[in-house]
Amino acid sequence: MAQQSTVLVDRHSGLPWREGWSLSGSSQGKKYAVQSKTYRGGLSEGVWSLEVDNGAWRIEILPTRGMSLAGIECGEVRLGWRSPVVGPVHPQYVPLAEPSGLGWLDGFDEFLVRCGLESNGAPDFDPQGRLLYPLHGRIGNRPAQRVTVEVDDQRGELRVTGEVAETRFHLLKVLLSTTLITHVGTAQLEIIDRVTNLSALPAEIQMLYHINLGQPLLDAGSTVLLPARQVVPRNDASAKARATWDHFAGEQAGFAEQVYFCNVWSDAEGHSEALLKNAHGTCGFGLRYRVAELPCFTLWKNTAASEDGYVTGLEPGTNYPNPRSFERQHQRHLRLEGGASREFHLQCAYYADSAQLAEPQRRIQAMRQGETRLDDQPLPDWCA
Amino acid sequence: MAQQSTVLVDRHSGLPWREGWSLSGSSQGKKYAVQSKTYRGGLSEGVWSLEVDNGAWRIEILPTRGMSLAGIECGEVRLGWRSPVVGPVHPQYVPLAEPSGLGWLDGFDEFLVRCGLESNGAPDFDPQGRLLYPLHGRIGNRPAQRVTVEVDDQRGELRVTGEVAETRFHLLKVLLSTTLITHVGTAQLEIIDRVTNLSALPAEIQMLYHINLGQPLLDAGSTVLLPARQVVPRNDASAKARATWDHFAGEQAGFAEQVYFCNVWSDAEGHSEALLKNAHGTCGFGLRYRVAELPCFTLWKNTAASEDGYVTGLEPGTNYPNPRSFERQHQRHLRLEGGASREFHLQCAYYADSAQLAEPQRRIQAMRQGETRLDDQPLPDWCA
Amino acid sequence: MAQQSTVLVDRHSGLPWREGWSLSGSSQGKKYAVQSKTYRGGLSEGVWSLEVDNGAWRIEILPTRGMSLAGIECGEVRLGWRSPVVGPVHPQYVPLAEPSGLGWLDGFDEFLVRCGLESNGAPDFDPQGRLLYPLHGRIGNRPAQRVTVEVDDQRGELRVTGEVAETRFHLLKVLLSTTLITHVGTAQLEIIDRVTNLSALPAEIQMLYHINLGQPLLDAGSTVLLPARQVVPRNDASAKARATWDHFAGEQAGFAEQVYFCNVWSDAEGHSEALLKNAHGTCGFGLRYRVAELPCFTLWKNTAASEDGYVTGLEPGTNYPNPRSFERQHQRHLRLEGGASREFHLQCAYYADSAQLAEPQRRIQAMRQGETRLDDQPLPDWCA
């Protein structure tokens with residue numbers, strides 16, 4: 001099987017989810033495997049899952065949850081976090097429409113979940129207090145209408161594509177086409193997302209990648225490296241803690257989340273990078289993306305007790321996750337003409353030792369064009 | 001098989017949906033077939049569908065969506081429209097409870113969907129802005145609890161009945177029993193709906209048939225014929241365009257919907273009729289109903305770009321689709337005593353050439369008892 | 001099979017629901033059986049059900065609906081009621097998030113449904129009218145993530161345990177572990193519920209057991225016996241009818257529900273008891289619980305027409321089912337420290353004749369320490 005393409009589910013042809021489907025093979029002597037399953041029981045009943053094992057990484061994709069990534073197993077280490085929500089949660093149990101705008105939190109337990117596409121930030125209300133846009137948007141709770149797996153033994157490439165629609169008659173009509181690419185034997189993956197405006201009229205969208213890491217990679221003494229030009233605390237509590245904005249403490253029951261909005265430098269090709277490394281500098285997670293596509297980087301620190309979710313979020317986005325109206329007022333949204341589309345590129349990597357960590361650190365250092373400006377209070381134009 | 005009756009699903013006996021069930025036969029030398037299936041993938045996952053092929057028409061019924069009709073294939077022509085929503089959408093993905101009241105639009109792609117039964121119009125809010133009644137009501141997103149198919153070879157009759165409940169403890173408790181009848185070899189169908197108040201107390205209900213047609217039947221130059229006594233534009237934009245209220249333009253990106261509320265004449269038996277014919281008068285769709293049952297006719301014109309839904313709605317109802325409180329204030333609702341029921345009768349026909357179109361045009365002409373009064377602005381008693 | 005334990009569904013191991021599983025046996029010459037099934041059709045599609053037949057009682061448990069009890073068949077008599085809602089209703093069709101806060105009523109048809117765990121009373125809104133806590137809370141519409149059946153032939157004991165989580169990231173994280181115990185050949189069951197705060201931080205919870213009885217046990221002339229120290233009508237209508245607070249009339253179309261909040265005495269071991277007996281005193285239902293765990297007893301009288309639900313509710317709770325903010329203000333909630341748990345114990349019994357009824361009546365009489373104080377109007381501290 002040099003090359004193979006398999007459709008796992010397709011709304012258009014009526015092909016049902018290929019429950020229990022699997023495929024395995026090898027490329028250049030290294031084994032790989034892909035396997036589908038469906039979660040059963042509790043809030044997970046009926047959630048489709050696809051595990052891509054490239055020999056080094058086992059990546060779990062959730063078609064039912066907008067092609068989110070549940071987590072990545074790399075040997076002993078799991079990239080992801082332990083949410084108090086026992087997921088993955090089927091969208092039927094996520095009340096996005098709840099008047100509070102906070103229903104999204106009922107389903108939040110992934111390593112990578114997209115926020116958007118109509119809105120990606122805090123709940124937004126009209127003057128009467130009526131919900132306009134729920135927290136983090138809808139795309140993470142919409143099921144894929146088509147999923148395909150492609151393998152290419154010669155190139156050692158595994159590729160999963162998915163289509164997720166966010167459409168409402170009279171209102172936003174966009175399609176997310178996501179492609180996840182990983183190569184056999186590597187601790188890396190690449191995501192290429194294309195968002196297409198299906199309407200004949202212009203659309204305004206937002207996108208944010210909510211990438212979440214907890215134990216064991218995140219620990220007391222972990223640090224995050226960013227080529228940050230400017231770091232703005234989101235609120236007073238974050239401002240007060242700004243001296244340690246890029247350091248992480250251990251578990252602390254009742255820790256109130258701290259958030260920093262960042263403007264970052266990039267390299268000559270327009271790539272920026274974020275690196276999370278553990279306290280001893282023996283392992284790390286790197287995220288590489290294009291600043292022109294995702295100009296706003298948000299760092300979310302939530303080093304609460306493990307029971308409540310000990311986690312940090314690395315969140316590159318088209319904007320900061322403020323309420324949509326606020327972001328729009330500050331021109332931080334993406335306008336897509338009728339029929340137009342826009343791509344977003346992300347790369348994730350795991351670094352298993354200090355030697356491997358040296359290279360991304362050098363790259364990030366090289367992106368810096370001066371000192372980081374660390375604001376001592378929220379900026380009115382940045383923080384709702 | 002002279003006569004046969006098959007129960008396809010029944011909540012009371014616990015009979016599950018007969019997935020993949022089919023039946024075929026012939027009557028007077030003409031073939032027919034009925035087949036069930038379940039949609040798979042995306043927002044359609046789990047939606048039951050029943051296709052009735054009478055030899056001339058293939059009618060698709062959606063038990064999961066309140067016995068809506070997805071569309072009708074008649075040879076080359078499909079009665080229905082292309083919604084930007086890729087449906088049919090399972091009710092679990094239609095957030096009727098969304099505070100905006102607009103969640104219904106997430107599932108809107110049918111040829112015929114009932115609006116009601118507690119309310120059938122625009123969202124209605126209390127003075128604090130809290131949703132009272134969502135857009136177009138709940139009945140179109142409630143699953144049937146019992147579906148039966150009956151065939152009678154001698155009479156060449158195919159009959160599908162379905163039961164859909166809209167009940168809330170302490171509040172409205174009504175049952176829709178719908179019967180669809182079609183005859184082998186004909187481009188026609190009849191719907192007989194019975195709404196029963198299950199409560200011992202009086203109930204106030206609303207019903208509207210949202211019947212939607214797009215390409216190819218609807219095209220630039222299409223016209224609608226109604227025996228209209230009075231036509232009232234719903235808002236200023238509709239008023240401005242009133243001179244062409246019964247004509248349709250081609251696709252226009254950004255076209256803002258126009259709506260006309262109509263009072264119509266009927267024939268001696270109390271039937272009224274609406275006819276949509278294409279620009280060249282080579283085909284048409286006719287709708288016949290009883291004015292005593294459905295006294296208010298709404299014409300919805302939405303000749304937007306095809307990507308956004310190029311469509312018109314022919315909508316006979318117990319009232320105009322204004323917010324429920326407004327309609328109630330103007331006595332436009334249906335009161336059902338405890339245990340009482342009310343029937344609604346509809347007939348749909350397709351006319352394949354100008355010769356066939358002559359007859360319904362003659363009938364509609366004969367219903368007219370004078371000139372149509374076309375109001376030049378919304379009437380305060382008609383338009384919320 | 002002296003002892004046997006079977007897991008019927010488990011989210012953690014991925015074990016799917018054991019559809020159609022059954023087990024039967026006998027203990028001391030008496031037969032028992034346990035059987036699982038899944039409801040099909042209408043609003044019940046996909047609801048799991050577990051019937052425990054101990055030879056005298058057939059108890060139906062609904063894992064999909066938070067381990068509620070649908071009803072109990074004891075010979076000719078069914079404990080439960082006929083709701084106008086044809087359930088059991090799958091949670092996907094229960095719009096808890098509806099801005100009205102009343103969506104819970106769409107799924108209300110059980111004999112025993114738990115209200116809680118964040119809130120258990122009337123809908124609660126913020127000053128802008130935005131829903132804070134929906135009617136009766138979420139736990140009754142959350143699916144069990146683990147269900148186990150245990151039988152012990154020697155002791156003649158049947159035991160069903162279930163785990164239901166109510167968790168939201170950043171907010172409440174609690175787990176209900178419920179155990180239902182019944183013995184072969186007895187018209188009794190015992191429920192032991194344990195609610196655990198999964199968070200490291202304190203949690204405030206509420207619990208109420210909404211136990212509902214209709215025909216045939218409830219009839220014109222039925223009475224309820226409580227060792228009531230004080231009985232407070234919830235509103236003016238209830239106050240007006242207070243003279244007959246413990247008597248039930250026959251069906252009355254349009255009967256407006258009456259509610260009485262009660263403070264009760266207990267026996268030396270801290271147990272209190274409620275007894276509902278029919279008009280002729282030929283049968284009755286008894287409920288025994290611990291006052292320290294459930295200090296507030298609510299009696300709900302809804303002797304409406306049968307079509308609208310002729311029913312009474314015996315409702316021991318941690319508080320009265322007022323809006324949560326009101327109850328909190330009056331210190332009627334349960335505080336659980338991080339990781340702490342609390343148990344609730346209930347016993348239900350059916351008494352088949354006047355001889356059997358004598359004993360619980362004697363017990364309740366013995367609990368009384370004086371006259372019942374019957375307030376003639378709502379108390380401001382008790383009634384929101």
# chains A, B, ... in the order shown; residues from 1 in each chain; ligands from 1

$ residues_around --residues "His330 in chain B" --least-positions-apart "6" --cutoff "10 Å" --atoms "only C-alpha atoms" --output "list in words"
Asn319, Arg324, Asp381 and Trp382 of chain B

$ write_last_selection --atoms "C-alpha atoms" --output "PDB file, in the first residue's frame"
ATOM      1  CA  ASN B 319     -52.145  33.863  11.578  1.00  0.00           C
ATOM      2  CA  ARG B 324     -47.074  35.472  19.320  1.00  0.00           C
ATOM      3  CA  ASP B 381     -52.902  45.730  13.107  1.00  0.00           C
ATOM      4  CA  TRP B 382     -51.180  43.302  10.775  1.00  0.00           C
TER       5      TRP B 382
END

$ residues_around --residues "Gln206 in chain A" --least-positions-apart "4" --cutoff "8 Å" --atoms "only C-alpha atoms" --output "list in words"
Cys115, Gly116, Leu117, Glu118, Ser119, Asn120, Gly317, Thr318, Asn319, His333 and Leu334 of chain A

$ interface_residues --of "chain C" --to "chain A" --cutoff "10 Å" --atoms "only C-alpha atoms" --output "number ranges by chain"
C: 8-17, 63-64, 66, 91-93, 95-101, 126-133, 141-147, 163-174, 197-202, 338-339

$ residues_around --residues "Ser272 in chain B" --least-positions-apart "6" --cutoff "8 Å" --atoms "only C-alpha atoms" --output "PDB file with N, CA, C and O atoms, in the first residue's frame"
ATOM      1  N   PRO B 227     -55.417  34.533  -5.225  1.00  0.00           N
ATOM      2  CA  PRO B 227     -56.671  35.282  -5.276  1.00  0.00           C
ATOM      3  C   PRO B 227     -56.700  36.280  -4.114  1.00  0.00           C
ATOM      4  O   PRO B 227     -57.491  36.128  -3.173  1.00  0.00           O
ATOM      5  N   VAL B 264     -56.992  36.385   1.406  1.00  0.00           N
ATOM      6  CA  VAL B 264     -57.331  35.833   0.082  1.00  0.00           C
ATOM      7  C   VAL B 264     -58.795  35.420  -0.018  1.00  0.00           C
ATOM      8  O   VAL B 264     -59.450  35.132   0.984  1.00  0.00           O
ATOM      9  N   TRP B 265     -59.276  35.403  -1.257  1.00  0.00           N
ATOM     10  CA  TRP B 265     -60.597  34.863  -1.542  1.00  0.00           C
ATOM     11  C   TRP B 265     -60.513  33.344  -1.699  1.00  0.00           C
ATOM     12  O   TRP B 265     -59.427  32.778  -1.881  1.00  0.00           O
ATOM     13  N   SER B 266     -61.666  32.734  -1.684  1.00  0.00           N
ATOM     14  CA  SER B 266     -61.700  31.284  -1.896  1.00  0.00           C
ATOM     15  C   SER B 266     -62.834  30.944  -2.846  1.00  0.00           C
ATOM     16  O   SER B 266     -63.626  31.803  -3.237  1.00  0.00           O
ATOM     17  N   ARG B 288     -53.074  24.195  -2.536  1.00  0.00           N
ATOM     18  CA  ARG B 288     -54.504  24.373  -2.339  1.00  0.00           C
ATOM     19  C   ARG B 288     -54.802  24.095  -0.878  1.00  0.00           C
ATOM     20  O   ARG B 288     -54.277  23.137  -0.305  1.00  0.00           O
ATOM     21  N   TYR B 289     -55.606  24.929  -0.263  1.00  0.00           N
ATOM     22  CA  TYR B 289     -55.882  24.749   1.170  1.00  0.00           C
ATOM     23  C   TYR B 289     -57.215  25.396   1.497  1.00  0.00           C
ATOM     24  O   TYR B 289     -57.850  26.037   0.645  1.00  0.00           O
ATOM     25  N   ARG B 290     -57.659  25.245   2.726  1.00  0.00           N
ATOM     26  CA  ARG B 290     -58.967  25.745   3.136  1.00  0.00           C
ATOM     27  C   ARG B 290     -58.805  27.047   3.938  1.00  0.00           C
ATOM     28  O   ARG B 290     -58.123  27.056   4.979  1.00  0.00           O
ATOM     29  N   VAL B 291     -59.428  28.063   3.481  1.00  0.00           N
ATOM     30  CA  VAL B 291     -59.254  29.381   4.096  1.00  0.00           C
ATOM     31  C   VAL B 291     -59.823  29.430   5.517  1.00  0.00           C
ATOM     32  O   VAL B 291     -59.294  30.125   6.386  1.00  0.00           O
ATOM     33  N   ILE B 364     -57.932  30.048  -9.893  1.00  0.00           N
ATOM     34  CA  ILE B 364     -57.577  31.209  -9.055  1.00  0.00           C
ATOM     35  C   ILE B 364     -58.295  32.454  -9.571  1.00  0.00           C
ATOM     36  O   ILE B 364     -58.831  33.252  -8.797  1.00  0.00           O
ATOM     37  N   MET B 367     -61.767  32.689  -8.423  1.00  0.00           N
ATOM     38  CA  MET B 367     -61.971  33.008  -6.996  1.00  0.00           C
ATOM     39  C   MET B 367     -62.050  34.523  -6.748  1.00  0.00           C
ATOM     40  O   MET B 367     -62.617  34.965  -5.756  1.00  0.00           O
TER      41      MET B 367
END

$ select_by_dssp --residues "range 93-303 of chain A" --states "strand (DSSP E)" --output "ChimeraX atom specification"
/A:112-117,124-125,131-133,146-152,157-167,173-183,188-197,203-213,223-225,228-233,258-264,271-277,284-290,296-303

$ atom_distance --atom1 "CA of Lys30 in chain C" --atom2 "CA of Glu60 in chain C"
19.5 Å

$ select_by_dssp --residues "range 106-309 of chain C" --states "alpha helix (DSSP H)" --output "number ranges by chain"
C: 236-240

$ write_last_selection --atoms "N, CA and C atoms" --output "PDB file, in the first residue's frame"
ATOM      1  N   ASP C 236     -50.166  32.488  48.495  1.00  0.00           N
ATOM      2  CA  ASP C 236     -51.488  32.827  49.002  1.00  0.00           C
ATOM      3  C   ASP C 236     -52.527  31.758  48.677  1.00  0.00           C
ATOM      4  N   ALA C 237     -52.442  31.209  47.482  1.00  0.00           N
ATOM      5  CA  ALA C 237     -53.419  30.186  47.108  1.00  0.00           C
ATOM      6  C   ALA C 237     -53.284  28.961  48.023  1.00  0.00           C
ATOM      7  N   SER C 238     -52.054  28.599  48.310  1.00  0.00           N
ATOM      8  CA  SER C 238     -51.828  27.471  49.212  1.00  0.00           C
ATOM      9  C   SER C 238     -52.309  27.825  50.618  1.00  0.00           C
ATOM     10  N   ALA C 239     -52.108  29.070  50.999  1.00  0.00           N
ATOM     11  CA  ALA C 239     -52.555  29.513  52.327  1.00  0.00           C
ATOM     12  C   ALA C 239     -54.069  29.388  52.447  1.00  0.00           C
ATOM     13  N   LYS C 240     -54.754  29.794  51.404  1.00  0.00           N
ATOM     14  CA  LYS C 240     -56.214  29.762  51.422  1.00  0.00           C
ATOM     15  C   LYS C 240     -56.730  28.325  51.590  1.00  0.00           C
TER      16      LYS C 240
END

$ atom_distance --atom1 "CA of Ser22 in chain B" --atom2 "CA of Ile72 in chain B"
18.2 Å

$ residues_around --residues "Ala228 in chain B" --least-positions-apart "6" --cutoff "9 Å" --atoms "only C-alpha atoms" --output "ChimeraX atom specification"
/B:262-265,368,371-373

$ atom_distance --atom1 "CA of Ser341 in chain C" --atom2 "CA of Leu50 in chain C"
26.5 Å

$ residues_around --residues "Trp245 in chain B" --least-positions-apart "6" --cutoff "12 Å" --atoms "only C-alpha atoms" --output "ChimeraX atom specification"
/B:221-226,228,230-234,237-239,257-262,298-302,312,372,374-376

$ residues_around --residues "Leu23 in chain C" --least-positions-apart "3" --cutoff "10 Å" --atoms "only C-alpha atoms" --output "VMD selection string"
chain C and resid 4 6 32 to 36 52 149 151

$ write_last_selection --atoms "all heavy atoms" --output "mmCIF file, in the first residue's frame"
data_model
loop_
_atom_site.group_PDB
_atom_site.id
_atom_site.type_symbol
_atom_site.label_atom_id
_atom_site.label_comp_id
_atom_site.auth_asym_id
_atom_site.auth_seq_id
_atom_site.Cartn_x
_atom_site.Cartn_y
_atom_site.Cartn_z
ATOM 1 N N GLN C 4 -22.696 -12.007 42.403
ATOM 2 C CA GLN C 4 -22.291 -11.651 41.054
ATOM 3 C C GLN C 4 -22.355 -10.139 40.899
ATOM 4 O O GLN C 4 -23.267 -9.484 41.401
ATOM 5 C CB GLN C 4 -23.224 -12.323 40.052
ATOM 6 C CG GLN C 4 -22.811 -12.054 38.614
ATOM 7 C CD GLN C 4 -23.715 -12.745 37.628
ATOM 8 O OE1 GLN C 4 -24.282 -13.794 37.927
ATOM 9 N NE2 GLN C 4 -23.852 -12.168 36.455
ATOM 10 N N THR C 6 -21.967 -7.161 37.849
ATOM 11 C CA THR C 6 -21.873 -6.923 36.412
ATOM 12 C C THR C 6 -21.852 -5.426 36.144
ATOM 13 O O THR C 6 -22.717 -4.700 36.632
ATOM 14 C CB THR C 6 -23.082 -7.534 35.681
ATOM 15 O OG1 THR C 6 -23.209 -8.898 36.076
ATOM 16 C CG2 THR C 6 -22.928 -7.432 34.178
ATOM 17 N N TYR C 32 -36.013 -13.696 41.103
ATOM 18 C CA TYR C 32 -35.744 -12.270 40.784
ATOM 19 C C TYR C 32 -35.196 -12.193 39.368
ATOM 20 O O TYR C 32 -34.791 -13.202 38.782
ATOM 21 C CB TYR C 32 -34.763 -11.659 41.784
ATOM 22 C CG TYR C 32 -33.384 -12.273 41.743
ATOM 23 C CD1 TYR C 32 -32.446 -11.877 40.785
ATOM 24 C CD2 TYR C 32 -33.007 -13.270 42.645
ATOM 25 C CE1 TYR C 32 -31.186 -12.452 40.730
ATOM 26 C CE2 TYR C 32 -31.748 -13.841 42.595
ATOM 27 C CZ TYR C 32 -30.845 -13.423 41.637
ATOM 28 O OH TYR C 32 -29.604 -13.991 41.575
ATOM 29 N N ALA C 33 -35.188 -11.017 38.815
ATOM 30 C CA ALA C 33 -34.648 -10.819 37.471
ATOM 31 C C ALA C 33 -34.237 -9.360 37.312
ATOM 32 O O ALA C 33 -34.833 -8.466 37.917
ATOM 33 C CB ALA C 33 -35.684 -11.194 36.422
ATOM 34 N N VAL C 34 -33.217 -9.167 36.513
ATOM 35 C CA VAL C 34 -32.781 -7.804 36.176
ATOM 36 C C VAL C 34 -32.604 -7.781 34.664
ATOM 37 O O VAL C 34 -32.098 -8.745 34.084
ATOM 38 C CB VAL C 34 -31.456 -7.429 36.868
ATOM 39 C CG1 VAL C 34 -31.156 -5.955 36.685
ATOM 40 C CG2 VAL C 34 -31.491 -7.795 38.346
ATOM 41 N N GLN C 35 -33.050 -6.700 34.038
ATOM 42 C CA GLN C 35 -32.991 -6.647 32.574
ATOM 43 C C GLN C 35 -32.757 -5.215 32.102
ATOM 44 O O GLN C 35 -33.371 -4.270 32.606
ATOM 45 C CB GLN C 35 -34.316 -7.154 32.009
ATOM 46 C CG GLN C 35 -34.486 -6.910 30.526
ATOM 47 C CD GLN C 35 -34.770 -8.166 29.753
ATOM 48 O OE1 GLN C 35 -35.369 -9.110 30.282
ATOM 49 N NE2 GLN C 35 -34.342 -8.205 28.510
ATOM 50 N N SER C 36 -31.892 -5.088 31.111
ATOM 51 C CA SER C 36 -31.648 -3.766 30.526
ATOM 52 C C SER C 36 -32.344 -3.660 29.182
ATOM 53 O O SER C 36 -32.579 -4.656 28.508
ATOM 54 C CB SER C 36 -30.147 -3.544 30.326
ATOM 55 O OG SER C 36 -29.686 -4.261 29.203
ATOM 56 N N VAL C 52 -35.444 -3.857 37.592
ATOM 57 C CA VAL C 52 -35.080 -4.782 38.667
ATOM 58 C C VAL C 52 -36.379 -5.369 39.210
ATOM 59 O O VAL C 52 -37.210 -4.655 39.767
ATOM 60 C CB VAL C 52 -34.328 -4.034 39.787
ATOM 61 C CG1 VAL C 52 -34.035 -4.974 40.944
ATOM 62 C CG2 VAL C 52 -33.048 -3.401 39.249
ATOM 63 N N VAL C 149 -24.579 -3.757 38.484
ATOM 64 C CA VAL C 149 -25.626 -4.553 39.135
ATOM 65 C C VAL C 149 -24.948 -5.635 39.965
ATOM 66 O O VAL C 149 -24.076 -6.348 39.457
ATOM 67 C CB VAL C 149 -26.556 -5.217 38.103
ATOM 68 C CG1 VAL C 149 -27.538 -6.160 38.786
ATOM 69 C CG2 VAL C 149 -27.294 -4.158 37.294
ATOM 70 N N VAL C 151 -25.769 -8.913 42.659
ATOM 71 C CA VAL C 151 -26.767 -9.759 43.311
ATOM 72 C C VAL C 151 -26.054 -10.659 44.328
ATOM 73 O O VAL C 151 -24.921 -11.068 44.120
ATOM 74 C CB VAL C 151 -27.542 -10.655 42.304
ATOM 75 C CG1 VAL C 151 -28.280 -9.793 41.293
ATOM 76 C CG2 VAL C 151 -26.622 -11.619 41.607
#

$ decode --residues "range 224-230 of chain B" --atoms "all heavy atoms" --output "PDB file, in the first residue's frame"
ATOM      1  N   VAL B 224     -46.024  34.661  -8.746  1.00  0.00           N
ATOM      2  CA  VAL B 224     -46.928  33.925  -7.889  1.00  0.00           C
ATOM      3  C   VAL B 224     -48.332  34.438  -8.141  1.00  0.00           C
ATOM      4  O   VAL B 224     -48.545  35.647  -8.296  1.00  0.00           O
ATOM      5  CB  VAL B 224     -46.510  34.057  -6.397  1.00  0.00           C
ATOM      6  CG1 VAL B 224     -46.627  35.484  -5.904  1.00  0.00           C
ATOM      7  CG2 VAL B 224     -47.343  33.132  -5.521  1.00  0.00           C
ATOM      8  N   LEU B 225     -49.278  33.534  -8.237  1.00  0.00           N
ATOM      9  CA  LEU B 225     -50.684  33.915  -8.416  1.00  0.00           C
ATOM     10  C   LEU B 225     -51.454  33.565  -7.161  1.00  0.00           C
ATOM     11  O   LEU B 225     -51.397  32.412  -6.692  1.00  0.00           O
ATOM     12  CB  LEU B 225     -51.308  33.150  -9.587  1.00  0.00           C
ATOM     13  CG  LEU B 225     -51.129  33.777 -10.968  1.00  0.00           C
ATOM     14  CD1 LEU B 225     -49.752  33.494 -11.479  1.00  0.00           C
ATOM     15  CD2 LEU B 225     -52.195  33.251 -11.905  1.00  0.00           C
ATOM     16  N   LEU B 226     -52.160  34.554  -6.671  1.00  0.00           N
ATOM     17  CA  LEU B 226     -53.004  34.351  -5.488  1.00  0.00           C
ATOM     18  C   LEU B 226     -54.332  35.044  -5.739  1.00  0.00           C
ATOM     19  O   LEU B 226     -54.361  36.102  -6.369  1.00  0.00           O
ATOM     20  CB  LEU B 226     -52.400  35.059  -4.264  1.00  0.00           C
ATOM     21  CG  LEU B 226     -51.076  34.661  -3.690  1.00  0.00           C
ATOM     22  CD1 LEU B 226     -50.745  35.599  -2.531  1.00  0.00           C
ATOM     23  CD2 LEU B 226     -51.150  33.231  -3.187  1.00  0.00           C
ATOM     24  N   PRO B 227     -55.417  34.533  -5.225  1.00  0.00           N
ATOM     25  CA  PRO B 227     -56.671  35.282  -5.276  1.00  0.00           C
ATOM     26  C   PRO B 227     -56.700  36.280  -4.114  1.00  0.00           C
ATOM     27  O   PRO B 227     -57.491  36.128  -3.173  1.00  0.00           O
ATOM     28  CB  PRO B 227     -57.716  34.180  -5.124  1.00  0.00           C
ATOM     29  CG  PRO B 227     -57.046  33.149  -4.283  1.00  0.00           C
ATOM     30  CD  PRO B 227     -55.573  33.212  -4.593  1.00  0.00           C
ATOM     31  N   ALA B 228     -55.818  37.290  -4.203  1.00  0.00           N
ATOM     32  CA  ALA B 228     -55.583  38.152  -3.034  1.00  0.00           C
ATOM     33  C   ALA B 228     -56.595  39.289  -2.976  1.00  0.00           C
ATOM     34  O   ALA B 228     -56.726  40.072  -3.910  1.00  0.00           O
ATOM     35  CB  ALA B 228     -54.163  38.716  -3.083  1.00  0.00           C
ATOM     36  N   ARG B 229     -57.265  39.377  -1.898  1.00  0.00           N
ATOM     37  CA  ARG B 229     -58.162  40.493  -1.622  1.00  0.00           C
ATOM     38  C   ARG B 229     -57.325  41.701  -1.148  1.00  0.00           C
ATOM     39  O   ARG B 229     -57.553  42.813  -1.568  1.00  0.00           O
ATOM     40  CB  ARG B 229     -59.122  40.065  -0.509  1.00  0.00           C
ATOM     41  CG  ARG B 229     -60.210  41.047  -0.159  1.00  0.00           C
ATOM     42  CD  ARG B 229     -60.773  40.762   1.239  1.00  0.00           C
ATOM     43  NE  ARG B 229     -61.211  39.394   1.433  1.00  0.00           N
ATOM     44  CZ  ARG B 229     -62.466  38.963   1.247  1.00  0.00           C
ATOM     45  NH1 ARG B 229     -63.393  39.809   0.859  1.00  0.00           N
ATOM     46  NH2 ARG B 229     -62.777  37.695   1.465  1.00  0.00           N
ATOM     47  N   GLN B 230     -56.359  41.397  -0.306  1.00  0.00           N
ATOM     48  CA  GLN B 230     -55.534  42.467   0.249  1.00  0.00           C
ATOM     49  C   GLN B 230     -54.113  41.958   0.464  1.00  0.00           C
ATOM     50  O   GLN B 230     -53.922  40.827   0.934  1.00  0.00           O
ATOM     51  CB  GLN B 230     -56.123  42.937   1.587  1.00  0.00           C
ATOM     52  CG  GLN B 230     -55.425  44.163   2.156  1.00  0.00           C
ATOM     53  CD  GLN B 230     -56.142  44.745   3.374  1.00  0.00           C
ATOM     54  OE1 GLN B 230     -57.164  44.198   3.802  1.00  0.00           O
ATOM     55  NE2 GLN B 230     -55.628  45.830   3.916  1.00  0.00           N
TER      56      GLN B 230
END
